[in-house]
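Asker: Once you've had a glance at the structure underneath, I'll fire off some questions.
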There are 2 protein chains.
Amino acid sequence: MLEARVKQASVLKKLLDAIKELVTDGNLDCTDEGIALQAMDNSHVALVSLKLVAEQFESYRCDRNMPLGVNLTSLTKILKCAKDNDVVTLKAADDADALGMVFESPKEDRVGEYEMKLMDIDQEHLGIPDTQYDATITMSSAEFQRICRDLAALGESVKIEASKEGVRFSSEGEVGNGSVLLKQSAGTDRASGSKRVKQDPDDDDEEEEEKPDVDEEGEDEQDDEDRPKKRKSANGTSKAAPSDDEPGVTIILEKQVALTFSLKYLSNFAKSAPLAKAVSLNMSNDVPLLVQFDFEQGTLQFFLAPKVRDHGAGRSPPLPLTHLSDLR
Amino acid sequence: MLEARVKQASVLKKLLDAIKELVTDGNLDCTDEGIALQAMDNSHVALVSLKLVAEQFESYRCDRNMPLGVNLTSLTKILKCAKDNDVVTLKAADDADALGMVFESPKEDRVGEYEMKLMDIDQEHLGIPDTQYDATITMSSAEFQRICRDLAALGESVKIEASKEGVRFSSEGEVGNGSVLLKQSAGTDRASGSKRVKQDPDDDDEEEEEKPDVDEEGEDEQDDEDRPKKRKSANGTSKAAPSDDEPGVTIILEKQVALTFSLKYLSNFAKSAPLAKAVSLNMSNDVPLLVQFDFEQGTLQFFLAPKVRDHGAGRSPPLPLTHLSDLR
DNA sequence: GAATTTACAC
DNA sequence: GTGTAAATTC
């Protein structure tokens with residue numbers, strides 16, 4: 001049996017807003033480690049992977065592994081019945097054909113109890129390889145969303161180029177061309193040589209926590225320019241930039257990378273911005289992009305294969321990620 | 001002749017927004033006591049009864065009784081020509097075939113004059129019986145609206161169950177089931193035995209006025225729990241809970257009641273929420289529900305017959321209230 | 001919260 | 001085709 005308690009309904013609402021347009025049905029895989037959802041998007045082009053870790057629930061109990069097949073549209077409808085500050089308890093009996101949800105107002109003077117029918121979903125569970133990425137960009141998720149929205153007005157795809165100085169997003173279309181260059185924030189230049197460039201979802205560090213005085217090695221290249229005094233610890237790929245207010249831009253670069261992606265999908269990924277102040281874009285040539293949002297309760301990852309290099313002039317659809325091997 | 005002056009056009013606007021979807025035409029019955037409108041909804045399932053009392057107008061004069069047949073859609077259009085803070089004067093000559101409206105800005109630097117054609121409407125005037133209700137729930141009108149909206153996403157009808165501990169709204173549908181339980185606020189437990197459970201539209205008490213130090217009898221059952229310290233005076237059925245900020249939930253119970261109603265209609269009633277912070281739900285078994293909003297200028301009542309008990313599984317339309325006798 | 005757009009209903 | 005209500009966006 002499952003009983004998981006979440007302090008703020010708003011977290012779940014934001015999660016569903018973030019993925020419901022990409023995925024309509026999926027299994028909530030409940031284990032003693034937490035709740036995970038992994039699914040291809042409806043056109044089998046992108047992969048969504050959500051992890052909510054058990055420790056970050058207000059309380060969590062899951063006696064046995066169970067995949068709960070949910071329709072995300074229905075789940076969204078029911079979550080709309082919760083106010084943002086409500087405490088949410090997810091409940092499922094071992095043999096349940098329904099997911100129970102209890103919404104309690106902070107003052108405990110209102111209790112909503114809802115039950116949603118479950119469905120059987122064949123789960124092609126993809127083990128996601130622990131890729132070493134050539135380039136990892138950490139930036140404000142809001143800024144990422146803005147750039148996607150702006151460039152989507154111009155063209156269908158965006159070229160993302162990561163270099164030592166910064167990252168450039170550019171798009172071409174009928175009305176015109178556009179590009180946005182984000183320069184790396186001061187004091188965060190981590191060029192090649194560092195072997196910390198990896199995407200490791202099992203990393204135990206706290207997310208969204210600033211630890212300003214625990215900067216490790218690698219500070220030698222840093223010089224104090226009169227830039228915004230946001231110093232990012234940038235400890236690993238899967239970790240978003242610290243979030244005092246607005247995260248700066250951090251680039252960890254093994255190798256220069258330039259890849260082109262469908263803006264339709266990136267814009268969809270960017271809808272997760274309310275979940276986390278920072279987003280990381282992880283790229284290697286000819287490997288699917290990983291767009292990752294780390295928030296207090298867990299991690300939300302999106303994978304998208306790059307477009308083939310420039311034949312078809314942006315008209316070619318993104319590569320489908322149908323098989324696990326495609327993720328390599 | 002009629003000449004009635006209203007300080008705030010917004011009150012009339014909110015009133016029209018509240019009922020225009022239910023009723024398209026009706027008679028404004030003008031007497032020296034005030035202005036009343038009573039009409040069945042367009043499908044003759046619900047009854048709307050509005051009373052604006054003469055004393056609560058800024059000035060009021062009505063020499064002889066006259067029913068002014070108005071099209072509420074047209075009236076809404078004309079009221080949109082008034083700003084919320086405008087002073088509105090309604091004018092009608094004794095033999096008038098038109099209703100005159102004057103909108104004056106608070107600074108008196110703008111005057112709008114409008115005239116709306118009247119129509120002849122056969123008025124089947126229903127004397128509404130002064131029912132004693134088994135259960136009277138007073139609660140935040142906004143919360144009532146929220147619950148109707150939430151449950152309408154799940155099913156077509158809602159079961160309302162009033163008991164001593166609280167009131168439960170529940171609905172069942174394809175996606176799932178849902179229920180909301182509101183607990184009675186602390187210090188307001190008024191169980192059976194009290195003979196103050198009646199719906200009396202001629203009650204002279206002030207509405208929406210807190211009189212905190214004039215609590216009458218009936219406080220004996222009250223114990224001080226460490227709940228929110230809103231103590232409601234709960235003086236009578238037709239009186240909404242006091243409204244410092246958010247009214248708590250008050251239940252006056254003669255007898256436990258459980259009735260099922262069409263959510264489409266209840267959601268429509270709930271549109272009156274902007275008129276009053278509190279709403280009262282008055283129920284007896286097999287008798288139409290009374291949903292009542294008390295505001296400074298008067299009272300707005302909605303009556304709706306309950307659905308027949310559970311054959312047809314929520315598909316049966318609500319009972320029409322075609323005849324007065326049905327209201328008993 | 002307001003304004004716009006879209007969808008539905010008359 | 002018009003007008004209103006709901007959904008979405010700013």
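Going through the structure tokens in order, the chains are called A, B, and so on, while each chain numbers its residues from 1 and the ligands are numbered from 1 in the order shown.
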Using only C-alpha atoms, determine which residues of chain B fall within 7 Å of chain A; present them as a ChimeraX atom specification.
Answerer: /B:150,153,175-183
Asker: Between atom CA of Asp86 of chain A and atom CA of Val11 of chain A, what distance in Å does the model show, to one decimal?
Answerer: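 Computing it gives 10.4 Å between the two atoms.
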Asker: Check which residues of chain D sit at most 12 Å from chain B using only C-alpha atoms (C1' of nucleotides), and return one row each with the closest pair of atoms and their distance in Å to one decimal, ordered by chain and rising number, as CSV.
Answerer:
residue,atom,partner,partner_atom,distance
D:DG3,C1',B:Thr73,CA,10.7
D:DT4,C1',B:Glu21,CA,9.6
D:DA5,C1',B:Glu21,CA,9.9
Asker: Restricting the output to N, CA and C atoms (P, O5', C5', C4', C3', O3' and C1' of nucleotides), write the selected residues as an mmCIF file, in the first residue's frame.
Answerer:
data_model
loop_
_atom_site.group_PDB
_atom_site.id
_atom_site.type_symbol
_atom_site.label_atom_id
_atom_site.label_comp_id
_atom_site.auth_asym_id
_atom_site.auth_seq_id
_atom_site.Cartn_x
_atom_site.Cartn_y
_atom_site.Cartn_z
ATOM 1 P P DG D 3 -24.741 41.187 -31.606
ATOM 2 O "O5'" DG D 3 -24.660 40.300 -30.292
ATOM 3 C "C5'" DG D 3 -25.760 39.454 -29.959
ATOM 4 C "C4'" DG D 3 -25.337 38.499 -28.875
ATOM 5 C "C3'" DG D 3 -24.501 39.146 -27.763
ATOM 6 O "O3'" DG D 3 -24.973 38.694 -26.509
ATOM 7 C "C1'" DG D 3 -23.401 37.239 -28.598
ATOM 8 P P DT D 4 -24.586 39.526 -25.226
ATOM 9 O "O5'" DT D 4 -24.497 38.378 -24.119
ATOM 10 C "C5'" DT D 4 -25.183 37.137 -24.335
ATOM 11 C "C4'" DT D 4 -24.279 35.980 -24.020
ATOM 12 C "C3'" DT D 4 -23.448 36.151 -22.732
ATOM 13 O "O3'" DT D 4 -23.872 35.182 -21.805
ATOM 14 C "C1'" DT D 4 -22.166 35.192 -24.488
ATOM 15 P P DA D 5 -23.256 35.202 -20.366
ATOM 16 O "O5'" DA D 5 -22.198 33.995 -20.400
ATOM 17 C "C5'" DA D 5 -22.641 32.691 -20.725
ATOM 18 C "C4'" DA D 5 -21.456 31.744 -20.761
ATOM 19 C "C3'" DA D 5 -20.568 31.783 -19.518
ATOM 20 O "O3'" DA D 5 -20.173 30.453 -19.192
ATOM 21 C "C1'" DA D 5 -19.270 32.231 -21.420
#
Asker: Grab the atom CA of Thr131 of chain A to atom CA of Asp286 of chain A distance for me, in Å with one decimal place.
Answerer: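 About the pair atom CA of Thr131 of chain A and atom CA of Asp286 of chain A: they are 12.4 Å apart.
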Asker: So that I can check the surroundings of DT6 of chain C, please list as a ChimeraX atom specification every protein, DNA and RNA residue that reaches within 10 Å of it, counting only C-alpha atoms (C1' of nucleotides) and ignoring chain neighbours fewer than 4 positions away.
Answerer: /D:6-8
